[in-house]
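**Q** Dropping in start.cif, which is mmCIF, C-alpha atoms:
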data_my_file
#
loop_
_atom_site.label_atom_id
_atom_site.label_comp_id
_atom_site.auth_asym_id
_atom_site.auth_seq_id
_atom_site.Cartn_x
_atom_site.Cartn_y
_atom_site.Cartn_z
CA MET A 1 -28.29 37.69 -39.38
CA GLY A 2 -28.71 34.66 -41.65
CA ARG A 3 -28.19 31.09 -40.61
CA SER A 4 -24.77 31.02 -42.26
CA GLY A 5 -23.68 34.38 -40.81
CA LEU A 6 -21.71 35.36 -37.73
CA SER A 7 -21.81 38.62 -35.82
CA GLU A 8 -18.69 40.77 -36.09
CA GLN A 9 -17.90 40.16 -32.41
CA LYS A 10 -18.23 36.40 -32.70
CA ARG A 11 -16.18 36.29 -35.91
CA LYS A 12 -13.35 38.13 -34.12
CA VAL A 13 -13.47 35.70 -31.19
CA LEU A 14 -13.46 32.64 -33.44
CA GLY A 15 -10.86 34.13 -35.78
CA ARG A 16 -8.43 34.62 -32.91
CA LEU A 17 -9.04 31.06 -31.70
CA VAL A 18 -8.31 29.74 -35.18
CA ALA A 19 -5.10 31.77 -35.48
CA ASP A 20 -3.85 30.80 -32.01
CA ASN A 21 -4.52 27.09 -32.47
CA ARG A 22 -3.02 27.04 -35.96
CA ARG A 23 0.18 28.46 -34.49
CA LEU A 24 0.05 25.98 -31.60
CA LEU A 25 0.08 23.16 -34.15
CA GLY A 26 2.89 24.83 -36.09
CA TRP A 27 0.79 24.95 -39.27
CA LYS A 28 1.27 27.61 -41.90
CA PRO A 29 -1.88 29.19 -43.39
CA GLU A 30 -1.25 27.19 -46.57
CA GLU A 31 -1.46 23.88 -44.69
CA LEU A 32 -4.68 24.83 -42.92
CA ALA A 33 -6.16 26.05 -46.21
CA ALA A 34 -5.42 22.70 -47.88
CA ARG A 35 -6.88 20.71 -44.98
CA ALA A 36 -10.01 22.87 -44.70
CA GLY A 37 -10.64 23.21 -48.44
CA TYR A 38 -10.40 27.02 -48.48
CA SER A 39 -8.01 29.51 -50.05
CA VAL A 40 -5.14 31.01 -48.09
CA SER A 41 -6.73 34.46 -48.40
CA SER A 42 -9.96 33.09 -46.88
CA ILE A 43 -8.02 31.68 -43.93
CA HIS A 44 -6.27 35.00 -43.38
CA SER A 45 -9.51 37.00 -43.67
CA PHE A 46 -11.23 34.79 -41.13
CA GLU A 47 -8.33 34.90 -38.67
CA VAL A 48 -8.32 38.70 -38.61
CA GLY A 49 -12.12 38.82 -38.29
CA ARG A 50 -12.66 40.51 -41.64
CA ARG A 51 -14.77 37.96 -43.48
CA GLY A 52 -16.25 34.46 -43.16
CA GLY A 53 -19.38 32.78 -41.88
CA ARG A 54 -20.52 29.77 -39.92
CA ASP A 55 -19.70 27.23 -42.64
CA THR A 56 -16.20 28.64 -43.05
CA TYR A 57 -15.54 28.40 -39.33
CA LEU A 58 -16.86 24.85 -39.03
CA ALA A 59 -14.66 23.61 -41.90
CA ILE A 60 -11.58 25.31 -40.45
CA ALA A 61 -12.33 24.16 -36.88
CA ARG A 62 -12.81 20.52 -37.91
CA ALA A 63 -9.49 20.58 -39.76
CA LEU A 64 -7.73 22.04 -36.73
CA ASN A 65 -9.46 19.68 -34.31
CA ALA A 66 -8.12 16.68 -36.22
CA GLY A 67 -4.59 17.91 -35.53
CA LEU A 68 -5.32 19.04 -31.96
CA ALA A 69 -6.81 15.65 -31.08
CA LEU A 70 -3.62 13.89 -32.18
CA GLN A 71 -1.63 16.20 -29.89
CA ARG A 72 -4.16 15.72 -27.05
CA MET A 73 -4.79 19.46 -26.95
CA GLY A 74 -8.10 21.17 -26.24
CA LEU A 75 -10.42 21.26 -29.26
CA LEU A 76 -11.95 24.32 -30.84
CA PRO A 77 -15.65 24.70 -30.04
CA LEU A 78 -18.15 23.65 -32.65
CA ASP A 79 -20.29 25.67 -30.33
CA GLY A 80 -23.81 27.03 -30.38
CA LEU A 81 -23.41 28.95 -33.60
CA ASP A 82 -27.15 28.51 -33.95
CA GLY A 83 -28.03 28.52 -30.22
CA SER A 84 -25.52 31.02 -28.89
CA PRO A 85 -26.99 34.02 -27.07
CA GLU A 86 -24.71 36.42 -28.93
CA ASN A 87 -27.57 38.84 -29.60
CA LEU A 88 -28.78 38.81 -25.99
CA HIS A 89 -27.07 41.79 -24.44
CA TRP A 90 -27.32 40.48 -20.87
CA LEU A 91 -26.40 36.82 -21.46
CA THR A 92 -22.97 37.00 -23.03
CA PRO A 93 -21.06 34.18 -24.76
CA ALA A 94 -18.59 32.31 -22.57
CA LEU A 95 -15.69 33.31 -24.81
CA THR A 96 -15.19 37.04 -25.32
CA PRO A 97 -12.89 39.03 -27.62
CA LEU A 98 -9.87 40.94 -26.38
CA VAL A 99 -11.00 44.57 -26.42
CA GLY A 100 -8.77 47.53 -27.19
CA ASP A 101 -5.89 48.17 -29.57
CA LYS A 102 -3.20 48.17 -26.87
CA PRO A 103 -4.25 45.80 -24.06
CA GLY A 104 -2.11 45.53 -20.97
CA PRO A 105 -0.32 42.30 -20.05
CA ALA A 106 -2.78 41.46 -17.26
CA SER A 107 -5.70 41.40 -19.69
CA LEU A 108 -4.15 38.39 -21.47
CA LEU A 109 -4.84 36.33 -18.34
CA GLU A 110 -8.61 36.87 -18.48
CA ALA A 111 -10.19 33.41 -18.28
CA ARG A 112 -12.97 34.24 -20.73
CA LEU A 113 -10.47 34.99 -23.51
CA GLY A 114 -9.54 31.31 -23.53
CA ILE A 115 -5.96 32.00 -24.66
CA VAL A 116 -4.59 29.14 -22.54
CA PRO A 117 -5.99 25.74 -23.59
CA TRP A 118 -8.10 23.71 -21.18
CA GLN A 119 -5.70 22.02 -18.75
CA GLY A 120 -5.52 19.51 -15.90
CA LYS A 121 -6.85 16.03 -15.06
CA THR A 122 -8.67 17.31 -11.97
CA ARG A 123 -10.60 19.90 -13.93
CA ALA A 124 -11.42 17.29 -16.60
CA ARG A 125 -13.17 15.17 -13.95
CA GLN A 126 -14.99 18.21 -12.61
CA LEU A 127 -16.10 19.19 -16.09
CA GLU A 128 -17.51 15.70 -16.61
CA ASP A 129 -19.42 15.96 -13.29
CA LEU A 130 -20.86 19.34 -14.24
CA ALA A 131 -21.91 18.09 -17.69
CA THR A 132 -23.66 15.13 -16.07
CA TRP A 133 -25.37 17.50 -13.63
CA CYS A 134 -26.61 19.64 -16.54
CA ASP A 135 -28.14 16.58 -18.20
CA SER A 136 -29.65 15.20 -14.96
CA PRO A 137 -33.43 15.03 -14.38
CA GLY A 138 -35.27 18.01 -12.96
CA LYS A 139 -36.31 21.24 -14.62
CA ILE A 140 -34.41 23.72 -12.43
CA ARG A 141 -31.11 23.09 -10.67
CA SER A 142 -28.45 25.36 -9.16
CA PHE A 143 -24.88 24.66 -8.09
CA SER A 144 -22.36 26.91 -6.36
CA ILE A 145 -18.58 26.72 -6.92
CA LYS A 146 -16.45 28.38 -4.25
CA GLY A 147 -12.73 29.11 -4.50
CA ASP A 148 -10.14 31.82 -4.05
CA GLY A 149 -9.38 34.15 -6.93
CA GLY A 150 -7.15 32.44 -9.48
CA MET A 151 -8.25 28.87 -8.72
CA GLY A 152 -9.95 28.49 -12.11
CA LYS A 153 -13.69 28.89 -11.38
CA THR A 154 -14.40 31.05 -14.41
CA ARG A 155 -12.26 28.94 -16.74
CA LEU A 156 -14.14 25.82 -15.61
CA ALA A 157 -17.47 27.52 -16.35
CA VAL A 158 -16.21 28.60 -19.80
CA ALA A 159 -15.22 25.01 -20.56
CA LEU A 160 -18.66 23.79 -19.48
CA CYS A 161 -20.38 26.27 -21.80
CA GLN A 162 -18.13 25.18 -24.67
CA HIS A 163 -18.84 21.51 -23.93
CA LEU A 164 -22.61 22.01 -23.94
CA ASN A 165 -22.51 24.21 -27.02
CA GLN A 166 -20.93 21.44 -29.08
CA SER A 167 -24.33 19.73 -29.27
CA ARG A 168 -25.89 22.99 -30.54
CA LYS A 169 -28.91 22.20 -28.39
CA TRP A 170 -28.08 24.32 -25.34
CA VAL A 171 -28.23 28.08 -24.82
CA THR A 172 -25.37 29.08 -22.53
CA GLY A 173 -23.85 32.31 -21.32
CA PHE A 174 -22.58 34.53 -18.51
CA ILE A 175 -25.02 36.96 -16.90
CA LEU A 176 -24.01 40.60 -17.39
CA PRO A 177 -25.83 42.59 -14.66
CA GLN A 178 -25.24 46.01 -16.25
CA ARG A 179 -27.32 44.99 -19.27
CA PHE A 180 -30.04 42.99 -17.58
CA PRO A 181 -33.49 44.06 -18.90
CA VAL A 182 -35.32 46.76 -16.98
CA ALA A 183 -38.69 45.34 -18.04
CA PRO A 184 -40.25 43.08 -15.38
CA ASP A 185 -40.95 40.31 -17.92
CA TRP A 186 -37.22 39.78 -18.55
CA TRP A 187 -37.78 36.16 -19.58
CA ASN A 188 -39.27 37.33 -22.89
CA SER A 189 -35.77 38.48 -23.88
CA LEU A 190 -34.60 34.85 -23.87
CA PRO A 191 -35.76 33.04 -27.06
CA LEU A 192 -35.14 29.48 -25.89
CA ASP A 193 -37.66 27.72 -28.13
CA GLY A 194 -37.65 24.86 -25.64
CA ARG A 195 -33.86 24.44 -25.62
CA PRO A 196 -32.08 23.78 -22.30
CA LEU A 197 -30.41 26.78 -20.65
CA LEU A 198 -27.23 27.24 -18.61
CA MET A 199 -26.71 30.65 -16.97
CA VAL A 200 -23.40 31.40 -15.24
CA ALA A 201 -23.49 34.01 -12.47
CA ASP A 202 -19.93 35.15 -11.71
CA TYR A 203 -19.10 37.32 -8.66
CA THR A 204 -22.38 36.45 -6.98
CA SER A 205 -21.65 38.50 -3.85
CA ARG A 206 -21.59 41.79 -5.77
CA PRO A 207 -24.69 44.00 -5.42
CA GLY A 208 -25.36 44.12 -9.17
CA MET A 209 -25.45 40.33 -9.48
CA ILE A 210 -27.57 40.00 -6.32
CA GLU A 211 -30.13 42.39 -7.82
CA VAL A 212 -30.28 40.21 -10.94
CA LEU A 213 -30.63 36.97 -8.94
CA ASN A 214 -33.42 38.51 -6.88
CA ARG A 215 -35.32 38.98 -10.13
CA VAL A 216 -34.26 35.81 -11.92
CA LEU A 217 -34.72 33.12 -9.28
CA PRO A 218 -38.42 33.67 -8.48
CA ALA A 219 -39.33 33.74 -12.19
CA LEU A 220 -37.41 30.72 -13.47
CA ASP A 221 -40.58 28.67 -13.94
CA LYS A 222 -41.71 31.18 -16.59
CA LEU A 223 -38.88 30.15 -18.92
CA GLN A 224 -40.01 27.88 -21.75
CA SER A 225 -37.49 25.10 -21.20
CA ASP A 226 -37.58 21.66 -19.59
CA ARG A 227 -34.04 22.04 -18.24
CA ILE A 228 -32.59 25.17 -16.59
CA ARG A 229 -29.24 25.22 -14.84
CA ILE A 230 -27.66 28.10 -12.88
CA LEU A 231 -23.97 27.96 -12.00
CA LEU A 232 -22.91 30.40 -9.26
CA LEU A 233 -19.25 31.40 -8.91
CA ASP A 234 -17.68 33.28 -6.03
CA ARG A 235 -14.95 33.16 -3.42
CA THR A 236 -17.30 32.36 -0.55
CA GLY A 237 -20.49 31.07 -2.19
CA LEU A 238 -23.92 32.65 -2.11
CA GLN A 239 -24.95 33.87 1.35
CA GLN A 240 -28.54 33.78 2.58
CA GLY A 241 -28.54 37.38 3.73
CA LEU A 242 -27.74 38.67 0.25
CA LEU A 243 -31.00 37.43 -1.32
CA ASP A 244 -34.51 38.60 -0.61
CA GLY A 245 -37.05 36.13 0.78
CA ASP A 246 -38.59 34.86 -2.46
CA ALA A 247 -35.24 34.45 -4.21
CA TRP A 248 -33.71 32.66 -1.22
CA ARG A 249 -36.58 30.17 -0.96
CA VAL A 250 -36.25 29.28 -4.64
CA TRP A 251 -32.47 28.94 -4.42
CA ASP A 252 -32.75 26.78 -1.31
CA GLN A 253 -35.15 24.47 -3.19
CA ILE A 254 -33.10 24.06 -6.36
CA ARG A 255 -29.50 23.85 -5.09
CA THR A 256 -28.10 20.35 -5.38
CA GLY A 257 -25.32 20.25 -2.79
CA HIS A 258 -21.84 19.10 -3.76
CA LEU A 259 -21.07 17.03 -6.82
CA PRO A 260 -18.42 14.28 -6.88
CA HIS A 261 -14.87 15.70 -7.07
CA PHE A 262 -16.05 19.02 -5.57
CA GLY A 263 -15.31 19.89 -1.98
CA PRO A 264 -16.38 22.94 0.00
CA GLN A 265 -13.68 24.85 -1.90
CA LEU A 266 -12.36 24.32 -5.41
CA GLU A 267 -9.18 22.26 -5.14
CA PRO A 268 -5.96 22.94 -7.07
CA VAL A 269 -5.85 21.93 -10.72
CA SER A 270 -2.85 19.75 -9.94
CA VAL A 271 -0.35 19.08 -7.16
CA ASP A 272 1.79 16.84 -9.39
CA PRO A 273 5.07 18.68 -10.20
CA ALA A 274 5.36 17.00 -13.61
CA GLU A 275 1.83 17.96 -14.60
CA ARG A 276 2.36 21.51 -13.36
CA LEU A 277 5.45 21.81 -15.53
CA THR A 278 3.50 20.54 -18.55
CA MET A 279 0.73 23.05 -17.85
CA PHE A 280 3.24 25.87 -17.42
CA GLN A 281 4.90 25.07 -20.74
CA GLY A 282 1.53 24.73 -22.48
CA ALA A 283 0.46 28.15 -21.17
CA ALA A 284 3.78 29.71 -22.27
CA ARG A 285 3.32 28.21 -25.74
CA ALA A 286 -0.21 29.63 -25.95
CA PHE A 287 0.88 33.12 -24.89
CA ALA A 288 3.83 33.07 -27.27
CA CYS A 289 1.55 32.08 -30.14
CA HIS A 290 -0.97 34.77 -29.26
CA LEU A 291 1.73 37.45 -29.06
CA ALA A 292 3.47 36.07 -32.18
CA VAL A 293 6.79 35.83 -30.32
CA LYS A 294 9.48 34.21 -32.48
CA PRO A 295 11.44 32.18 -31.75
CA PHE A 296 10.19 30.79 -28.44
CA HIS A 297 10.63 27.25 -27.15
CA PRO A 298 8.59 26.59 -23.96
CA GLU A 299 10.17 23.15 -23.56
CA SER A 300 13.47 24.83 -22.65
CA HIS A 301 11.84 26.60 -19.70
CA SER A 302 11.34 25.08 -16.29
CA LEU A 303 10.06 26.06 -12.84
CA LYS A 304 12.39 26.51 -9.90
CA SER A 305 9.87 25.15 -7.41
CA PRO A 306 6.98 23.31 -9.11
CA THR A 307 5.69 22.24 -5.69
CA SER A 308 5.31 25.87 -4.55
CA LYS A 309 1.99 26.61 -2.83
CA ALA A 310 1.68 29.57 -5.18
CA TYR A 311 0.78 27.12 -7.95
CA ASN A 312 -2.24 25.87 -6.07
CA GLN A 313 -3.71 28.86 -7.90
CA VAL A 314 -3.46 27.94 -11.55
CA LEU A 315 -3.58 31.63 -12.40
CA LEU A 316 -0.15 32.15 -10.84
CA LEU A 317 1.21 29.35 -12.99
CA HIS A 318 -0.15 31.20 -16.02
CA MET A 319 1.30 34.50 -14.75
CA GLN A 320 4.70 32.85 -14.51
CA ALA A 321 4.32 31.49 -18.05
CA LEU A 322 3.39 34.92 -19.41
CA GLU A 323 6.38 36.45 -17.63
CA ARG A 324 8.73 33.94 -19.29
CA VAL A 325 7.41 34.95 -22.70
CA PHE A 326 8.31 38.57 -21.94
CA ASP A 327 11.61 37.67 -20.21
CA ALA A 328 13.09 34.18 -20.52
CA ALA A 329 15.34 34.45 -17.44
CA PRO A 330 14.31 32.11 -14.56
CA LYS A 331 12.12 33.80 -11.97
CA SER A 332 11.17 33.22 -8.35
CA ASP A 333 8.15 30.97 -7.75
CA ASN A 334 7.08 32.98 -4.70
CA ARG A 335 3.51 34.29 -4.88
CA ASN A 336 4.32 37.90 -4.02
CA SER A 337 7.24 37.94 -6.45
CA ILE A 338 5.03 36.71 -9.29
CA LEU A 339 2.36 39.31 -8.52
CA ASN A 340 4.92 42.10 -8.09
CA ARG A 341 6.46 41.43 -11.49
CA LEU A 342 3.14 41.39 -13.32
CA LEU A 343 1.92 44.49 -11.49
CA GLU A 344 5.09 46.37 -12.45
CA ARG A 345 4.51 45.44 -16.09
CA GLU A 346 0.94 46.69 -15.80
CA ARG A 347 2.18 49.94 -14.23
CA GLN A 348 4.61 50.35 -17.11
CA HIS A 349 1.67 49.97 -19.49
CA TRP A 350 -0.12 52.78 -17.60
CA ARG A 351 2.97 55.02 -17.84
CA GLU A 352 3.34 54.41 -21.58
CA THR A 353 -0.31 55.27 -22.13
CA MET A 354 0.06 58.39 -19.96
CA ARG A 355 2.96 59.55 -22.14
CA ARG A 356 0.95 58.91 -25.27
CA LEU A 357 -1.98 60.93 -23.88
CA GLU A 358 0.44 63.61 -22.63
CA LEU A 359 -0.49 63.15 -18.97
CA PRO A 360 2.21 64.11 -16.44
CA GLN A 361 3.87 61.14 -14.75
CA TYR A 362 3.26 62.56 -11.26
CA LEU A 363 -0.37 61.46 -11.70
CA ILE A 364 0.61 57.77 -11.52
CA SER A 365 -0.64 57.53 -7.91
CA ALA A 366 -3.98 59.01 -8.95
CA VAL A 367 -4.16 56.55 -11.85
CA GLU A 368 -3.55 53.65 -9.45
CA ALA A 369 -6.27 54.93 -7.13
CA ALA A 370 -8.63 55.26 -10.10
CA VAL A 371 -7.94 51.71 -11.25
CA VAL A 372 -8.67 50.34 -7.77
CA GLY A 373 -11.77 52.52 -7.28
CA VAL A 374 -13.37 51.60 -10.60
CA SER A 375 -12.41 47.92 -10.25
CA GLU A 376 -13.94 47.60 -6.80
CA LEU A 377 -17.25 48.60 -8.40
CA GLY A 378 -16.82 45.81 -10.95
CA GLY A 379 -16.35 48.45 -13.64
CA VAL A 380 -18.55 51.39 -14.63
CA PRO A 381 -20.94 51.77 -17.59
CA CYS A 382 -19.90 55.27 -18.67
CA ALA A 383 -17.40 58.11 -18.29
CA ILE A 384 -19.83 60.25 -16.27
CA GLU A 385 -20.14 57.63 -13.54
CA ALA A 386 -16.37 57.06 -13.56
CA ALA A 387 -15.67 60.78 -13.13
CA ALA A 388 -18.17 61.04 -10.25
CA LYS A 389 -16.46 58.09 -8.53
CA LEU A 390 -12.96 59.50 -8.99
CA ARG A 391 -13.82 62.95 -7.65
CA ARG A 392 -14.67 61.32 -4.30
CA LEU A 393 -11.20 59.75 -3.99
CA PRO A 394 -8.58 61.55 -1.83
CA GLU A 395 -6.03 61.51 -4.67
CA PHE A 396 -8.38 63.61 -6.81
CA GLN A 397 -9.23 66.23 -4.21
CA GLY A 398 -8.02 69.59 -5.49
CA LEU A 399 -7.24 68.32 -9.00
CA PRO A 400 -8.78 70.37 -11.84
CA LEU A 401 -11.85 68.73 -13.41
CA PRO A 402 -10.11 68.46 -16.82
CA THR A 403 -7.38 66.36 -15.15
CA THR A 404 -9.97 63.99 -13.71
CA ASP A 405 -11.61 63.72 -17.12
CA ALA A 406 -8.21 62.96 -18.67
CA VAL A 407 -7.66 60.08 -16.22
CA VAL A 408 -11.12 58.75 -17.13
CA ARG A 409 -10.09 58.80 -20.80
CA LEU A 410 -6.93 56.95 -19.83
CA LEU A 411 -8.91 54.22 -18.07
CA ARG A 412 -11.32 54.02 -20.97
CA GLU A 413 -8.42 53.42 -23.36
CA ILE A 414 -6.63 50.86 -21.15
CA TYR A 415 -9.70 48.94 -19.91
CA PRO A 416 -12.50 49.50 -22.45
CA ASP A 417 -15.85 47.81 -21.89
CA GLY A 418 -18.45 48.11 -24.63
CA ASP A 419 -19.17 51.44 -26.25
CA GLU A 420 -18.62 53.71 -23.23
CA GLY A 421 -17.84 51.57 -20.18
CA ILE A 422 -14.65 50.95 -18.23
CA ALA A 423 -13.83 47.38 -17.21
CA PRO A 424 -12.20 46.45 -13.90
CA LEU A 425 -8.58 45.40 -13.59
CA ARG A 426 -8.37 41.64 -13.90
CA PRO A 427 -7.39 39.11 -12.69
CA ASP A 428 -8.68 39.52 -9.13
CA PRO A 429 -5.46 38.49 -7.30
CA LEU A 430 -3.61 41.27 -9.14
CA LEU A 431 -6.26 43.81 -8.11
CA ASP A 432 -6.07 42.57 -4.51
CA HIS A 433 -2.29 42.87 -4.60
CA LEU A 434 -2.47 46.44 -5.90
CA ALA A 435 -5.07 47.41 -3.30
CA ASN A 436 -3.00 45.89 -0.49
CA GLN A 437 0.11 47.72 -1.68
CA ARG A 438 -1.75 50.99 -1.58
CA LEU A 439 -3.06 50.31 1.91
CA GLY A 440 0.46 49.56 3.11
CA ALA A 441 2.04 52.55 1.40
#
What does this structure look like when you write it as structure tokens?
**A**
Amino acid sequence: MGRSGLSEQKRKVLGRLVADNRRLLGWKPEELAARAGYSVSSIHSFEVGRRGGRDTYLAIARALNAGLALQRMGLLPLDGLDGSPENLHWLTPALTPLVGDKPGPASLLEARLGIVPWQGKTRARQLEDLATWCDSPGKIRSFSIKGDGGMGKTRLAVALCQHLNQSRKWVTGFILPQRFPVAPDWWNSLPLDGRPLLMVADYTSRPGMIEVLNRVLPALDKLQSDRIRILLLDRTGLQQGLLDGDAWRVWDQIRTGHLPHFGPQLEPVSVDPAERLTMFQGAARAFACHLAVKPFHPESHSLKSPTSKAYNQVLLLHMQALERVFDAAPKSDNRNSILNRLLERERQHWRETMRRLELPQYLISAVEAAVVGVSELGGVPCAIEAAAKLRRLPEFQGLPLPTTDAVVRLLREIYPDGDEGIAPLRPDPLLDHLANQRLGA
């Protein structure tokens, strides 16, 4: 790929960002074309991911950023288009494309899609602290962020990667355990050329990520960089017993304790009712723009109880915003009510896909069990592994093998991951809610 080129995946990600932010500003393609110095057809081609390179994106992004800055909205990344690890299969870009032709409603809440703009004064301070930590002295440093699902850990890490990428000096990305190199000299797959490196390890308590950290931590000094940062994300933080001896000793040496504005657990984005309302309306506007819902006026929507403890989890605020885009009627601000409504919409998406694939509706319980089973593994890399997992579930005992294979195809269509894999149901609180419902059934 030439210096002016973009991979197809990256062009799709950036094209969607351009389209979403253009709509947020209320600009027509003609206005963006005039401001960026490109034709309307070029703008359209880039937005749909059909055509356009690095120079096209930078011109469009700078034009949009001028408008976004005036509105005090989050800016588009002028990010690592030279330094991005987009060709490293195991270190994936912070922003990822929405996969699949017919994604379910829950998938729109995935933090790494970046549909909702960066929000909140508290997170802005934390982002500044993390950026300072990345630039601090010392070759190797590690920091752990703990917080319940939905508190915004992943979104904060995405924002940090975007912030560092603006300088085009850093290499940043999320570790993908399923694609980590088998070869023992894994560091040779990372062409840093002396550039600083930030690796984000999400779900650090999962076995696949632990296996990667057991290999990565003891070999960090082999990386050709004078600054290496590892950001660990999980609900409880990294536990000593999960790492082997060598990896634990390295991690114990390089961890830096707590930064300013970080407590033992990640605090809410905001407890200010007015700011929560602004964030809710901003999220609704972003979802409406992404779904091309017309007309939709977020300013006319409010929250019944902006002080609800449910909104300590910013994800639930976003769930409520997405729900209002689908149905403008006021809704309860109770946590279980919010989760129930989104889960029912997700179930409806499963039923619609079952009808399209001509699967009988009585299999809905088996589909739910399959979603939970695959998700608890963090996803699976191929249909063969998915089928083997499902055949061990009680709901699949006695079912013909072709039926099991049909459910695997269903999951592959609803939650695709790469060429053959199946992704887990996200976000985590929704998966937890589904699993708890099944346990209580």
**Q** Give as a list in words the set of residues within 9 Å of the point (-5.3, 25.4, -32.9), where distances use the file's coordinates and all atoms listed in the file.
**A**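 Within 9 Å of (-5.3, 25.4, -32.9), the protein and nucleic acid residues are Leu17, Val18, Ala19, Asp20, Asn21, Arg22, Arg23, Leu24, Leu25, Gly26, Trp27, Ala61, Leu64, Asn65, Gly67, Leu68, Met73, Gly74, Leu75 and Leu76 of chain A.
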**Q** A:Arg438, A:His261, A:Arg255, A:Arg341: which is nearest Gly138 of chain A, counting only C-alpha atoms?
**A**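 That would be A:Arg255, the residue with the smallest distance to Gly138 of chain A.
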**Q** What lies within 8 Å of Leu431 of chain A using all atoms listed in the file, ignoring chain neighbours under 6 positions off, as a VMD selection string?
**A** chain A and resid 372 375 425
**Q** I need the residue set behind the PyMOL selection byres ((chain A and resi 434) around 12) for this file; please write it as a ChimeraX atom specification.
**A** /A:336,339-344,346-347,365,367-373,375-376,425-433,435-441
**Q** Just C-alpha atoms for this one: save the residues we selected as a short mmCIF file (atom, residue, chain, number, x, y, z; two decimals), in the coordinates of the input.
**A**
data_model
loop_
_atom_site.label_atom_id
_atom_site.label_comp_id
_atom_site.auth_asym_id
_atom_site.auth_seq_id
_atom_site.Cartn_x
_atom_site.Cartn_y
_atom_site.Cartn_z
CA ASN A 336 4.32 37.90 -4.02
CA LEU A 339 2.36 39.31 -8.52
CA ASN A 340 4.92 42.10 -8.09
CA ARG A 341 6.46 41.43 -11.49
CA LEU A 342 3.14 41.39 -13.32
CA LEU A 343 1.92 44.49 -11.49
CA GLU A 344 5.09 46.37 -12.45
CA GLU A 346 0.94 46.69 -15.80
CA ARG A 347 2.18 49.94 -14.23
CA SER A 365 -0.64 57.53 -7.91
CA VAL A 367 -4.16 56.55 -11.85
CA GLU A 368 -3.55 53.65 -9.45
CA ALA A 369 -6.27 54.93 -7.13
CA ALA A 370 -8.63 55.26 -10.10
CA VAL A 371 -7.94 51.71 -11.25
CA VAL A 372 -8.67 50.34 -7.77
CA GLY A 373 -11.77 52.52 -7.28
CA SER A 375 -12.41 47.92 -10.25
CA GLU A 376 -13.94 47.60 -6.80
CA LEU A 425 -8.58 45.40 -13.59
CA ARG A 426 -8.37 41.64 -13.90
CA PRO A 427 -7.39 39.11 -12.69
CA ASP A 428 -8.68 39.52 -9.13
CA PRO A 429 -5.46 38.49 -7.30
CA LEU A 430 -3.61 41.27 -9.14
CA LEU A 431 -6.26 43.81 -8.11
CA ASP A 432 -6.07 42.57 -4.51
CA HIS A 433 -2.29 42.87 -4.60
CA ALA A 435 -5.07 47.41 -3.30
CA ASN A 436 -3.00 45.89 -0.49
CA GLN A 437 0.11 47.72 -1.68
CA ARG A 438 -1.75 50.99 -1.58
CA LEU A 439 -3.06 50.31 1.91
CA GLY A 440 0.46 49.56 3.11
CA ALA A 441 2.04 52.55 1.40
#
**Q** Identify all residues satisfying the PyMOL selection byres ((chain A and resi 260) around 9) in the given file; provide them as a PyMOL selection string.
**A** chain A and resi 125-126+129+258-259+261-263
